[in-house]
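Coordinates as given in structure.cif (mmCIF, C-alpha atoms):
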data_model
loop_
_atom_site.label_atom_id
_atom_site.label_comp_id
_atom_site.auth_asym_id
_atom_site.auth_seq_id
_atom_site.Cartn_x
_atom_site.Cartn_y
_atom_site.Cartn_z
CA MET A 21 -6.03 17.79 15.66
CA ASN A 22 -7.14 14.27 16.67
CA ALA A 23 -6.20 12.91 13.25
CA SER A 24 -2.65 14.22 13.60
CA LEU A 25 -2.36 12.75 17.10
CA LEU A 26 -3.63 9.36 15.95
CA ASN A 27 -1.36 9.31 12.91
CA PRO A 28 1.64 7.29 14.13
CA PHE A 29 3.94 8.55 11.38
CA THR A 30 3.92 12.00 13.01
CA VAL A 31 5.00 10.50 16.32
CA THR A 32 7.18 7.42 15.95
CA HIS A 33 8.31 4.56 13.73
CA PRO A 34 8.54 0.74 13.98
CA THR A 35 11.23 -0.50 16.33
CA ALA A 36 10.66 -4.23 16.99
CA VAL A 37 9.37 -7.40 15.36
CA GLN A 38 5.84 -8.19 16.51
CA THR A 39 5.47 -11.55 14.75
CA SER A 40 7.03 -13.71 12.07
CA LEU A 41 4.89 -15.44 9.44
CA VAL A 42 6.51 -18.58 8.01
CA SER A 43 5.00 -18.34 4.56
CA GLY A 44 7.62 -19.28 1.98
CA ALA A 45 7.02 -15.85 0.49
CA SER A 46 8.96 -13.78 -2.00
CA PHE A 47 7.17 -10.57 -0.93
CA ALA A 48 4.18 -9.44 1.15
CA ARG A 49 1.59 -6.68 0.81
CA PHE A 50 -0.79 -5.23 3.41
CA ASP A 51 -4.41 -4.78 2.38
CA PRO A 52 -5.89 -1.23 2.59
CA THR A 53 -7.24 -1.88 6.11
CA GLY A 54 -3.94 -3.27 7.35
CA LYS A 55 -5.67 -6.32 8.88
CA PHE A 56 -4.49 -8.83 6.28
CA VAL A 57 -1.28 -9.59 4.40
CA ALA A 58 -1.02 -11.22 0.97
CA ALA A 59 2.21 -13.17 0.48
CA GLY A 60 3.29 -14.08 -3.06
CA ARG A 61 5.25 -17.31 -3.41
CA SER A 62 7.64 -18.80 -5.92
CA ASP A 63 5.47 -21.92 -6.41
CA GLY A 64 2.74 -19.87 -8.11
CA SER A 65 0.43 -19.44 -5.13
CA ALA A 66 -0.42 -16.57 -2.79
CA ALA A 67 -1.42 -16.85 0.87
CA ILE A 68 -3.76 -14.43 2.66
CA TRP A 69 -2.80 -14.04 6.31
CA ASP A 70 -5.03 -12.70 9.09
CA LEU A 71 -2.79 -10.63 11.37
CA ASP A 72 -5.17 -10.97 14.33
CA THR A 73 -5.06 -14.78 14.38
CA ARG A 74 -1.69 -15.04 12.57
CA ALA A 75 -3.14 -17.78 10.40
CA VAL A 76 -3.71 -18.35 6.68
CA ILE A 77 -7.35 -17.73 5.76
CA ARG A 78 -7.14 -18.08 1.94
CA TRP A 79 -4.91 -19.81 -0.60
CA CYS A 80 -4.90 -18.34 -4.13
CA GLU A 81 -3.58 -21.20 -6.25
CA GLY A 82 -3.76 -20.74 -10.01
CA HIS A 83 -0.34 -19.97 -11.46
CA VAL A 84 2.18 -22.51 -12.70
CA LYS A 85 5.19 -20.21 -12.22
CA ALA A 86 6.35 -17.76 -9.58
CA VAL A 87 4.06 -14.91 -8.51
CA THR A 88 5.68 -11.56 -9.31
CA SER A 89 3.26 -9.08 -7.70
CA VAL A 90 0.12 -8.85 -5.58
CA ASP A 91 -2.35 -5.97 -5.31
CA TRP A 92 -5.56 -5.37 -3.34
CA SER A 93 -8.67 -3.55 -4.48
CA ARG A 94 -9.57 -0.45 -2.48
CA ASN A 95 -11.91 -2.30 -0.07
CA SER A 96 -10.02 -5.63 -0.06
CA ARG A 97 -12.63 -7.71 -1.84
CA TYR A 98 -10.47 -8.50 -4.88
CA VAL A 99 -6.85 -9.64 -4.95
CA LEU A 100 -4.71 -9.50 -8.08
CA THR A 101 -1.76 -11.81 -8.69
CA SER A 102 0.63 -11.60 -11.63
CA SER A 103 3.07 -14.30 -12.60
CA LYS A 104 5.88 -15.35 -14.88
CA ASP A 105 3.38 -17.70 -16.56
CA TRP A 106 2.12 -14.67 -18.58
CA ASN A 107 -1.17 -14.45 -16.62
CA VAL A 108 -2.83 -11.97 -14.28
CA ILE A 109 -5.55 -13.53 -12.11
CA ILE A 110 -8.13 -11.52 -10.15
CA TRP A 111 -9.54 -13.41 -7.16
CA ASP A 112 -12.91 -12.69 -5.52
CA LEU A 113 -12.50 -13.10 -1.77
CA ALA A 114 -16.27 -12.85 -1.31
CA SER A 115 -16.60 -16.48 -2.44
CA PRO A 116 -17.43 -18.68 0.58
CA VAL A 117 -14.88 -21.36 -0.32
CA ASP A 118 -11.11 -21.73 -0.28
CA PRO A 119 -9.40 -21.34 -2.68
CA PRO A 120 -11.47 -18.29 -3.68
CA GLN A 121 -13.24 -18.00 -7.01
CA ARG A 122 -11.42 -16.62 -10.03
CA HIS A 123 -13.10 -13.38 -10.98
CA ASN A 124 -11.09 -12.78 -14.16
CA THR A 125 -7.95 -14.00 -15.92
CA ILE A 126 -5.95 -11.72 -18.21
CA ARG A 127 -3.35 -13.36 -20.46
CA PHE A 128 -0.41 -11.57 -22.05
CA ASP A 129 2.28 -12.49 -24.57
CA ALA A 130 5.19 -12.36 -22.10
CA PRO A 131 5.90 -12.84 -18.39
CA VAL A 132 4.23 -10.18 -16.23
CA VAL A 133 6.60 -8.20 -14.01
CA SER A 134 3.92 -6.33 -12.07
CA ALA A 135 0.22 -5.48 -12.15
CA TYR A 136 -1.97 -3.04 -10.21
CA PHE A 137 -5.65 -2.18 -9.83
CA HIS A 138 -6.90 1.29 -10.67
CA PRO A 139 -7.39 3.05 -7.30
CA ARG A 140 -11.08 3.75 -8.04
CA ASN A 141 -12.17 0.75 -10.13
CA SER A 142 -10.78 -2.79 -9.97
CA ARG A 143 -12.01 -3.48 -13.51
CA VAL A 144 -9.11 -1.38 -14.82
CA VAL A 145 -5.68 -3.01 -14.50
CA LEU A 146 -2.17 -1.73 -15.27
CA ALA A 147 0.35 -4.42 -16.26
CA LEU A 148 4.08 -4.26 -17.02
CA LEU A 149 5.67 -7.06 -19.05
CA SER A 150 9.23 -8.35 -18.95
CA THR A 151 9.66 -7.10 -22.52
CA GLY A 152 9.39 -3.51 -21.27
CA GLU A 153 5.81 -2.90 -22.46
CA ALA A 154 3.04 -1.44 -20.29
CA TYR A 155 -0.68 -2.04 -20.87
CA VAL A 156 -3.90 -0.67 -19.40
CA VAL A 157 -6.58 -3.37 -19.55
CA ASP A 158 -10.20 -2.22 -19.14
CA SER A 159 -12.77 -5.02 -18.69
CA ARG A 160 -15.86 -2.78 -18.47
CA LYS A 161 -18.47 -3.37 -21.18
CA GLU A 162 -18.58 0.19 -22.50
CA HIS A 163 -14.83 0.72 -22.27
CA ARG A 164 -13.46 -2.76 -22.99
CA ALA A 165 -9.94 -2.36 -24.38
CA ARG A 166 -6.29 -3.30 -24.02
CA VAL A 167 -4.12 -0.29 -24.77
CA GLU A 168 -0.33 -0.21 -24.83
CA LEU A 169 1.22 2.92 -23.34
CA CYS A 170 3.80 4.18 -25.83
CA GLU A 171 6.30 6.95 -25.27
CA THR A 172 5.80 9.94 -27.54
CA LEU A 173 9.08 10.79 -29.28
CA SER A 174 9.85 14.16 -30.77
CA GLU A 175 11.86 14.78 -33.92
CA ASP A 176 14.89 15.79 -31.86
CA ASP A 177 15.00 12.50 -29.94
CA ASP A 178 17.91 10.25 -30.75
CA ASP A 179 17.95 6.48 -31.07
CA GLU A 180 19.12 6.00 -27.48
CA ARG A 181 15.84 7.29 -26.05
CA ALA A 182 13.88 5.30 -28.62
CA ARG A 183 15.55 2.14 -27.34
CA SER A 184 14.70 2.82 -23.67
CA ILE A 185 12.46 0.23 -22.08
CA MET A 186 9.88 0.58 -19.32
CA THR A 187 11.13 -0.88 -16.05
CA THR A 188 8.44 0.06 -13.49
CA ALA A 189 4.83 1.30 -13.70
CA ARG A 190 2.31 2.57 -11.13
CA PHE A 191 -1.00 4.42 -10.89
CA ASP A 192 -0.83 7.57 -8.80
CA PRO A 193 -3.14 7.55 -5.72
CA SER A 194 -5.88 9.50 -7.54
CA GLY A 195 -5.86 7.17 -10.55
CA ARG A 196 -5.70 10.10 -12.98
CA HIS A 197 -2.22 9.26 -14.21
CA VAL A 198 0.11 6.34 -14.84
CA PHE A 199 3.75 6.88 -13.93
CA ILE A 200 6.33 4.76 -15.74
CA GLY A 201 10.06 4.62 -15.03
CA THR A 202 12.43 3.82 -17.89
CA SER A 203 15.90 2.37 -18.30
CA THR A 204 17.28 5.81 -19.23
CA GLY A 205 16.30 7.51 -15.97
CA ASN A 206 13.10 9.18 -17.18
CA VAL A 207 9.66 9.15 -15.60
CA LEU A 208 6.85 9.14 -18.17
CA VAL A 209 3.36 10.32 -17.18
CA PHE A 210 0.25 9.09 -19.05
CA ASN A 211 -3.35 10.11 -18.60
CA SER A 212 -5.31 7.02 -17.49
CA ARG A 213 -8.45 7.97 -19.40
CA THR A 214 -6.98 8.97 -22.76
CA LYS A 215 -3.77 6.87 -22.57
CA ILE A 216 -1.91 9.94 -23.92
CA MET A 217 1.53 10.86 -22.58
CA VAL A 218 1.32 14.24 -20.86
CA ALA A 219 4.79 14.61 -19.31
CA ARG A 220 8.36 13.39 -19.40
CA HIS A 221 10.44 14.05 -16.30
CA ARG A 222 14.21 13.65 -16.46
CA ILE A 223 16.14 12.69 -13.33
CA ALA A 224 19.81 13.54 -13.65
CA GLY A 225 22.22 10.73 -12.80
CA ALA A 226 19.53 8.28 -11.78
CA GLY A 227 20.18 5.47 -14.24
CA SER A 228 17.58 2.75 -14.73
CA MET A 229 14.44 3.09 -12.60
CA LYS A 230 13.76 0.17 -10.27
CA SER A 231 10.61 1.25 -8.41
CA LEU A 232 8.21 4.15 -7.77
CA GLU A 233 6.36 4.85 -4.53
CA PHE A 234 3.74 7.52 -3.79
CA ALA A 235 2.73 9.21 -0.58
CA LYS A 236 -0.92 8.84 0.35
CA VAL A 237 -1.64 12.43 -0.63
CA GLY A 238 -0.11 11.86 -4.06
CA ARG A 239 1.91 15.08 -4.23
CA ARG A 240 5.14 13.41 -3.13
CA PHE A 241 6.73 10.38 -4.70
CA ALA A 242 10.04 8.54 -4.39
CA THR A 243 12.18 6.75 -6.96
CA ASN A 244 14.65 3.93 -6.47
CA SER A 245 17.19 3.64 -9.27
CA SER A 246 20.27 1.69 -10.31
CA ASP A 247 22.64 4.32 -8.87
CA ARG A 248 21.66 3.01 -5.41
CA THR A 249 19.98 6.24 -4.36
CA ILE A 250 16.41 6.90 -3.23
CA ARG A 251 15.11 10.32 -4.30
CA GLN A 252 11.97 12.13 -3.16
CA PHE A 253 10.20 14.65 -5.40
CA ILE A 254 7.29 17.07 -5.28
CA LEU A 255 5.11 16.44 -8.33
CA PRO A 256 4.15 19.29 -10.65
CA THR A 257 0.58 19.69 -11.92
CA HIS A 258 -0.12 17.65 -15.03
CA PRO A 259 -2.70 18.82 -17.62
CA SER A 260 -5.73 16.74 -18.55
CA PRO A 261 -5.63 16.14 -22.34
CA VAL A 262 -8.60 16.28 -24.69
CA VAL A 263 -9.24 13.24 -26.89
CA GLY A 264 -8.44 13.98 -30.53
CA ALA A 265 -6.61 17.23 -29.79
CA GLU A 266 -2.87 17.76 -29.75
CA CYS A 267 -1.47 18.09 -26.26
CA ALA A 268 1.87 19.64 -25.44
CA ILE A 269 4.08 17.32 -23.42
CA LEU A 270 5.47 18.75 -20.22
CA GLU A 271 9.27 18.33 -20.42
CA THR A 272 11.01 19.01 -17.10
CA GLU A 273 14.00 17.91 -15.08
CA LEU A 274 12.89 17.10 -11.57
CA GLU A 275 15.06 18.23 -8.69
CA PRO A 276 14.78 15.95 -5.64
CA THR A 277 13.90 17.42 -2.27
CA HIS A 278 15.80 14.63 -0.51
CA ARG A 279 18.39 12.01 -1.43
CA PHE A 280 18.98 8.87 0.62
CA ASN A 281 21.96 6.58 0.12
CA ASP A 282 24.82 4.86 1.88
CA PRO A 283 28.08 6.49 0.76
CA ILE A 284 30.21 3.91 2.61
CA SER A 285 28.91 0.43 1.76
CA LYS A 286 27.09 1.43 -1.47
CA VAL A 287 24.29 -1.11 -0.94
CA SER A 288 21.26 -1.36 -3.20
CA TRP A 289 17.91 -0.22 -1.81
CA LEU A 290 14.43 -1.69 -1.47
CA ALA A 291 12.34 1.39 -0.59
CA GLY A 292 14.39 2.03 2.53
CA GLY A 293 15.68 -1.50 3.08
CA ALA A 294 19.22 -2.45 2.19
CA ALA A 295 19.48 -5.39 -0.22
CA ASP A 296 22.61 -6.68 1.49
CA PRO A 297 23.27 -10.39 0.87
CA ALA A 298 24.46 -10.89 4.46
CA THR A 299 22.13 -8.82 6.67
CA HIS A 300 18.52 -7.77 7.16
CA LYS A 301 18.83 -4.00 7.56
CA ILE A 302 15.97 -1.48 7.30
CA TYR A 303 16.83 2.23 7.30
CA ILE A 304 14.24 4.88 8.23
CA TRP A 305 14.50 8.61 7.56
CA ASP A 306 12.25 11.28 9.08
CA ILE A 307 10.83 13.40 6.25
CA SER A 308 9.19 15.81 8.71
CA ASN A 309 12.65 16.50 10.17
CA ASP A 310 14.23 17.55 6.88
CA GLY A 311 15.01 13.97 5.89
CA GLN A 312 17.27 13.26 8.85
CA PHE A 313 18.27 9.65 9.48
CA ALA A 314 16.03 8.24 12.23
CA THR A 315 17.05 4.65 12.91
CA ALA A 316 18.23 1.34 11.47
CA LEU A 317 16.31 -1.87 12.18
CA ASP A 318 18.09 -5.21 12.34
CA GLY A 319 16.00 -8.20 11.31
CA GLY A 320 18.60 -10.89 11.88
CA ARG A 321 20.83 -12.91 9.60
CA GLU A 322 18.34 -13.75 6.86
CA PRO A 323 18.87 -11.17 4.06
CA LEU A 324 16.09 -8.73 3.19
CA ILE A 325 14.45 -9.09 -0.24
CA ASP A 326 11.26 -6.99 0.06
CA ILE A 327 9.61 -4.41 2.30
CA HIS A 328 6.13 -2.84 2.47
CA TRP A 329 4.70 -0.14 4.75
CA HIS A 330 1.38 -0.47 6.56
CA PRO A 331 -1.21 1.83 4.89
CA GLN A 332 -2.40 3.42 8.15
CA ALA A 333 -0.24 2.58 11.17
CA SER A 334 3.43 2.70 12.06
CA ARG A 335 4.10 -0.87 10.97
CA LEU A 336 5.86 -2.58 8.10
CA ALA A 337 6.32 -6.05 6.61
CA SER A 338 9.75 -7.23 5.56
CA THR A 339 10.41 -10.48 3.71
CA THR A 340 13.55 -12.57 4.09
CA ASN A 341 15.23 -14.77 1.51
CA GLN A 342 14.04 -17.81 3.47
CA GLY A 343 10.39 -16.87 2.93
CA SER A 344 9.57 -15.49 6.39
CA VAL A 345 7.51 -12.29 6.67
CA LEU A 346 8.46 -10.13 9.65
CA ILE A 347 5.76 -7.76 10.92
CA TRP A 348 7.36 -4.75 12.61
CA HIS A 349 5.57 -2.44 15.04
CA CYS A 350 6.21 0.17 17.69
CA PRO A 351 5.52 -1.21 21.19
CA ALA A 352 3.50 1.29 23.19
CA PRO A 353 4.66 1.69 26.81
CA GLU A 354 1.93 1.41 29.43
CA ARG A 355 1.10 4.83 30.83
CA TRP A 356 -1.58 4.25 33.45
CA GLY A 357 -1.65 7.94 34.29
CA ALA A 358 -3.39 8.59 30.96
CA PHE A 359 -6.58 6.87 32.14
CA ALA A 360 -7.37 9.43 34.83
CA GLY A 361 -6.25 12.97 35.38
CA GLY A 362 -5.58 12.52 39.09
CA PHE A 363 -3.89 9.13 38.77
CA GLU A 364 -0.30 9.02 40.02
CA GLU A 365 2.18 6.23 39.31
CA ALA A 366 3.98 4.95 42.40
CA ASP A 367 7.45 3.47 42.46
CA GLU A 368 6.39 0.85 45.02
CA ASN A 369 3.15 -0.59 46.40
CA VAL A 370 1.22 1.74 48.70
CA MET A 371 -1.71 0.73 50.90
CA TYR A 372 -4.79 2.67 49.76
CA GLU A 373 -7.10 4.04 52.41
CA GLU A 374 -10.70 4.20 51.30
CA GLY A 375 -12.79 7.16 52.32
CA GLU A 376 -15.90 6.61 54.41
CA SER A 377 -18.36 7.38 51.60
CA GLU A 378 -16.04 7.28 48.58
CA PHE A 379 -17.72 4.39 46.74
CA ASP A 380 -21.25 4.64 48.15
CA VAL A 381 -24.11 4.72 45.65
CA TYR A 382 -27.08 6.74 46.81
CA GLN A 383 -30.61 5.61 46.16
CA GLU A 384 -31.58 8.69 44.18
CA ASN A 385 -28.77 8.08 41.62
CA GLU A 386 -29.50 4.41 40.87
CA VAL A 387 -32.14 5.18 38.22
CA GLU A 388 -29.85 7.68 36.50
CA LEU A 389 -26.93 5.22 36.56
CA ALA A 390 -29.11 2.44 35.10
CA MET A 391 -30.26 4.68 32.25
CA ARG A 392 -26.69 5.77 31.53
CA LYS A 393 -25.48 2.14 31.42
CA LYS A 394 -28.32 1.16 29.08
CA LEU A 395 -27.48 4.01 26.68
CA GLN A 396 -23.82 3.07 26.69
CA GLU A 397 -24.64 -0.58 25.91
CA ASP A 398 -26.79 0.44 22.93
CA GLU A 399 -24.11 2.72 21.50
CA ALA A 400 -22.16 1.18 18.61
CA VAL A 401 -18.42 1.38 19.20
CA ASP A 402 -16.11 1.22 16.16
CA ILE A 403 -12.76 0.00 17.51
CA LEU A 404 -11.21 -0.58 14.07
CA GLY A 405 -12.41 2.27 11.90
CA GLY A 406 -12.21 5.13 14.36
CA VAL A 407 -8.96 6.51 13.03
CA ASP A 408 -10.07 6.32 9.43
CA ASP A 409 -13.22 8.30 10.22
CA LEU A 410 -11.04 11.24 11.23
CA VAL A 411 -9.18 11.31 7.93
CA ASP A 412 -10.16 13.89 5.35
CA HIS A 413 -10.49 11.77 2.21
CA LYS A 414 -10.21 14.85 0.04
CA MET A 415 -6.57 14.98 1.04
CA ASP A 416 -5.61 11.41 0.15
CA GLY A 417 -5.72 11.91 -3.60
CA VAL A 418 -8.95 9.94 -4.12
CA ALA A 419 -11.66 12.58 -3.98
CA GLY A 420 -12.13 15.20 -6.66
CA ASP A 421 -14.49 17.67 -8.30
CA PRO A 422 -17.83 16.27 -9.51
CA GLY A 423 -17.08 17.54 -13.03
CA ASP A 424 -13.66 15.90 -13.29
CA GLU A 425 -13.69 13.89 -16.53
CA ASP A 426 -10.90 11.58 -15.41
CA LEU A 427 -12.68 10.58 -12.21
CA GLU A 428 -16.06 10.29 -13.93
CA TRP A 429 -14.45 7.91 -16.43
CA ALA A 430 -13.00 5.82 -13.59
CA ASP A 431 -16.31 5.69 -11.69
CA ASP A 432 -18.30 4.61 -14.76
CA GLU A 433 -19.53 0.99 -14.41
CA PRO A 434 -18.30 0.59 -10.84
CA ASP A 435 -17.20 -2.76 -9.48
CA ASP A 436 -18.72 -4.70 -6.58
CA ASP A 437 -16.00 -3.70 -4.14
CA TRP A 438 -18.28 -1.88 -1.70
CA GLN A 439 -16.98 -0.06 1.34
CA GLU A 440 -19.31 -2.00 3.66
CA TRP A 441 -17.95 -5.35 2.48
CA ARG A 442 -15.95 -7.35 5.04
CA LEU A 443 -13.76 -10.38 4.43
CA LYS A 444 -15.12 -13.56 5.99
CA VAL A 445 -12.39 -15.45 7.81
CA ILE A 446 -12.05 -19.08 6.69
CA MET A 447 -9.45 -20.97 8.69
CA VAL A 448 -7.13 -23.31 6.81
CA ASP A 449 -6.20 -26.64 8.39
CA ASP A 450 -2.66 -26.94 9.70
CA ASP A 451 -2.03 -29.86 7.34
CA ASP A 452 -2.69 -27.59 4.36
CA ALA A 453 -0.54 -24.72 5.61
CA TYR A 454 3.05 -24.20 4.61
#

Target format structure tokens, applied to this file:
Amino acid sequence: MNASLLNPFTVTHPTAVQTSLVSGASFARFDPTGKFVAAGRSDGSAAIWDLDTRAVIRWCEGHVKAVTSVDWSRNSRYVLTSSKDWNVIIWDLASPVDPPQRHNTIRFDAPVVSAYFHPRNSRVVLALLSTGEAYVVDSRKEHRARVELCETLSEDDDDERARSIMTTARFDPSGRHVFIGTSTGNVLVFNSRTKIMVARHRIAGAGSMKSLEFAKVGRRFATNSSDRTIRQFILPTHPSPVVGAECAILETELEPTHRFNDPISKVSWLAGGAADPATHKIYIWDISNDGQFATALDGGREPLIDIHWHPQASRLASTTNQGSVLIWHCPAPERWGAFAGGFEEADENVMYEEGESEFDVYQENEVELAMRKKLQEDEAVDILGGVDDLVDHKMDGVAGDPGDEDLEWADDEPDDDWQEWRLKVIMVDDDDAY
């Protein structure tokens, strides 16, 4: 019950801009804790912003061309940046210096459109190239490999499908599967462990896939395609293939549970934001209310080019074409009556009359009060992780059965991204900031 009450998405949505980060960014991504934002820039660098101080705490400078994507490891120790210079760089934020130490550099034969960490192990990386090829790169000693994900074609397939290229690629939240959108409106599903295609989902009338987004639970996902429509689907169950054995490919046509578009202006979409060259509009629909339109946010005159939702709270980051990152939130009204059951809010000031013995402390209670205060001082209070402790991690698509081969493969040779690790804040001088 408490988890549902503390989950802001069940209550409200962002309504106002909390702060604006002048970063020269092309896009911005929250880290898993929501405390930091990584902003990729066109000059080949990425800035790590601390939302508490609203200052840059790290500069990741290593590319010679524009950064195309940024991803965080599950506990925010490692940051991945991909670029048009054909490289993917993994940065270790545990290094005590700025810029942080390069943990690994992966080079490809073409510009990298996007790259993502495996949700359970940052040593496994999924990369999509501008040539329409997708690779899973495994840097673990026992599993070291670079495998291209190739669509399995049947004898009945014509040349048109054979010529389709991969336009977007993502891990699902559990890490068991890789979902790839194609130029022909199909969603291909690959097993992350075996690299075998297990399903091909057709989406009628979608056109070329532009992006894929998953809900935290992993059962729902949304597609953004060239027909300027966002569709939400409920995923079917995908089989786990056996290495060396033939596996039947699941061929289905997915029927969306919701469709979101603008039938009047026909604008293109950025996961709920309208890519209008003249405005900064963000549209929000309420899935819990049968997909009804909730509100439209106006971010000013600078056009919207990217948007990203906060992983835990009712906040989002939108990026303008001038490089500013707007952090949206939902201002909470002050309700003083919530602090005490008998507290009443007055419309005007009222003189309070104190009772004769209302605030007297008797001698026999002083020892008890002192002991109570001492126990309260010794108690550790978690003001940042309290909400997360109420979340059932078995429901977020990360936990699984101990005998699950796919998860055992992912957990083999784990990385150093421990849950107890915390990012050390290193302030950057104003002269070095953008």

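When the PyMOL selection byres ((chain A and resi 306) around 10) is evaluated on the file shown here, the picked residues come out as Phe29, Thr30, Thr32, His33, Ile304, Trp305, Ile307, Ser308, Asn309, Asp310, Gly311, Gln312, Phe313, Ala314 and Thr315 of chain A.
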
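Put simply, the PyMOL selection byres ((chain A and resi 132) around 8) in this file takes in Thr88, Ser102, Ser103, Lys104, Asp105, Trp106, Asn107, Val108, Phe128, Ala130, Pro131, Val133, Ser134, Ala135, Ala147, Leu148, Leu149 and Ser150 of chain A.
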
Using the chain letters and numbers from this file, what does the PyMOL selection byres ((chain A and resi 235) around 12) select? Give the answer as a PDB file with C-alpha atoms, in the frame of the given file.
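Saved result, part12.pdb, follows:
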ATOM      1  CA  PHE A 191      -1.000   4.420 -10.890  1.00  0.00           C
ATOM      2  CA  ASP A 192      -0.830   7.570  -8.800  1.00  0.00           C
ATOM      3  CA  PRO A 193      -3.140   7.550  -5.720  1.00  0.00           C
ATOM      4  CA  SER A 194      -5.880   9.500  -7.540  1.00  0.00           C
ATOM      5  CA  LEU A 232       8.210   4.150  -7.770  1.00  0.00           C
ATOM      6  CA  GLU A 233       6.360   4.850  -4.530  1.00  0.00           C
ATOM      7  CA  PHE A 234       3.740   7.520  -3.790  1.00  0.00           C
ATOM      8  CA  LYS A 236      -0.920   8.840   0.350  1.00  0.00           C
ATOM      9  CA  VAL A 237      -1.640  12.430  -0.630  1.00  0.00           C
ATOM     10  CA  GLY A 238      -0.110  11.860  -4.060  1.00  0.00           C
ATOM     11  CA  ARG A 239       1.910  15.080  -4.230  1.00  0.00           C
ATOM     12  CA  ARG A 240       5.140  13.410  -3.130  1.00  0.00           C
ATOM     13  CA  PHE A 241       6.730  10.380  -4.700  1.00  0.00           C
ATOM     14  CA  ALA A 242      10.040   8.540  -4.390  1.00  0.00           C
ATOM     15  CA  THR A 243      12.180   6.750  -6.960  1.00  0.00           C
ATOM     16  CA  GLN A 252      11.970  12.130  -3.160  1.00  0.00           C
ATOM     17  CA  PHE A 253      10.200  14.650  -5.400  1.00  0.00           C
ATOM     18  CA  ILE A 254       7.290  17.070  -5.280  1.00  0.00           C
ATOM     19  CA  LEU A 255       5.110  16.440  -8.330  1.00  0.00           C
ATOM     20  CA  ILE A 307      10.830  13.400   6.250  1.00  0.00           C
ATOM     21  CA  TRP A 329       4.700  -0.140   4.750  1.00  0.00           C
ATOM     22  CA  PRO A 331      -1.210   1.830   4.890  1.00  0.00           C
ATOM     23  CA  GLN A 332      -2.400   3.420   8.150  1.00  0.00           C
ATOM     24  CA  MET A 415      -6.570  14.980   1.040  1.00  0.00           C
ATOM     25  CA  ASP A 416      -5.610  11.410   0.150  1.00  0.00           C
ATOM     26  CA  GLY A 417      -5.720  11.910  -3.600  1.00  0.00           C
TER      27      GLY A 417
END

Work out how far apart atom CA of A:Arg74 and atom CA of A:Arg122 are and give it in Å to one decimal.
24.7 Å

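Between atom CA of A:Asp318 and atom CA of A:Ser334 the interatomic distance comes to 16.7 Å.
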
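Atom CA of A:Ser245 is positioned 10.4 Å from atom CA of A:Thr188.
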
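Compared by their closest atoms to A:Val167, and using all atoms listed in the file, the residues A:Glu153, A:Glu81, A:Glu425, A:Glu376 rank with A:Glu153 nearest.
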
Of the candidates A:Thr214, A:Ser89, A:Ser65, A:Ser159, which one gets nearest to A:Asp435 if we count all atoms listed in the file?
A:Ser159

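Between A:Asp431 and the candidates A:Arg140, A:Lys161, A:Arg220, A:His83, the tightest atom-to-atom separation, counting only C-alpha atoms, involves A:Arg140.
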
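Of the listed residues A:Thr125, A:Asp437, A:Arg213, A:Tyr155, the one whose atoms come nearest to A:Ser93 is A:Asp437, with distances taken using all atoms listed in the file.
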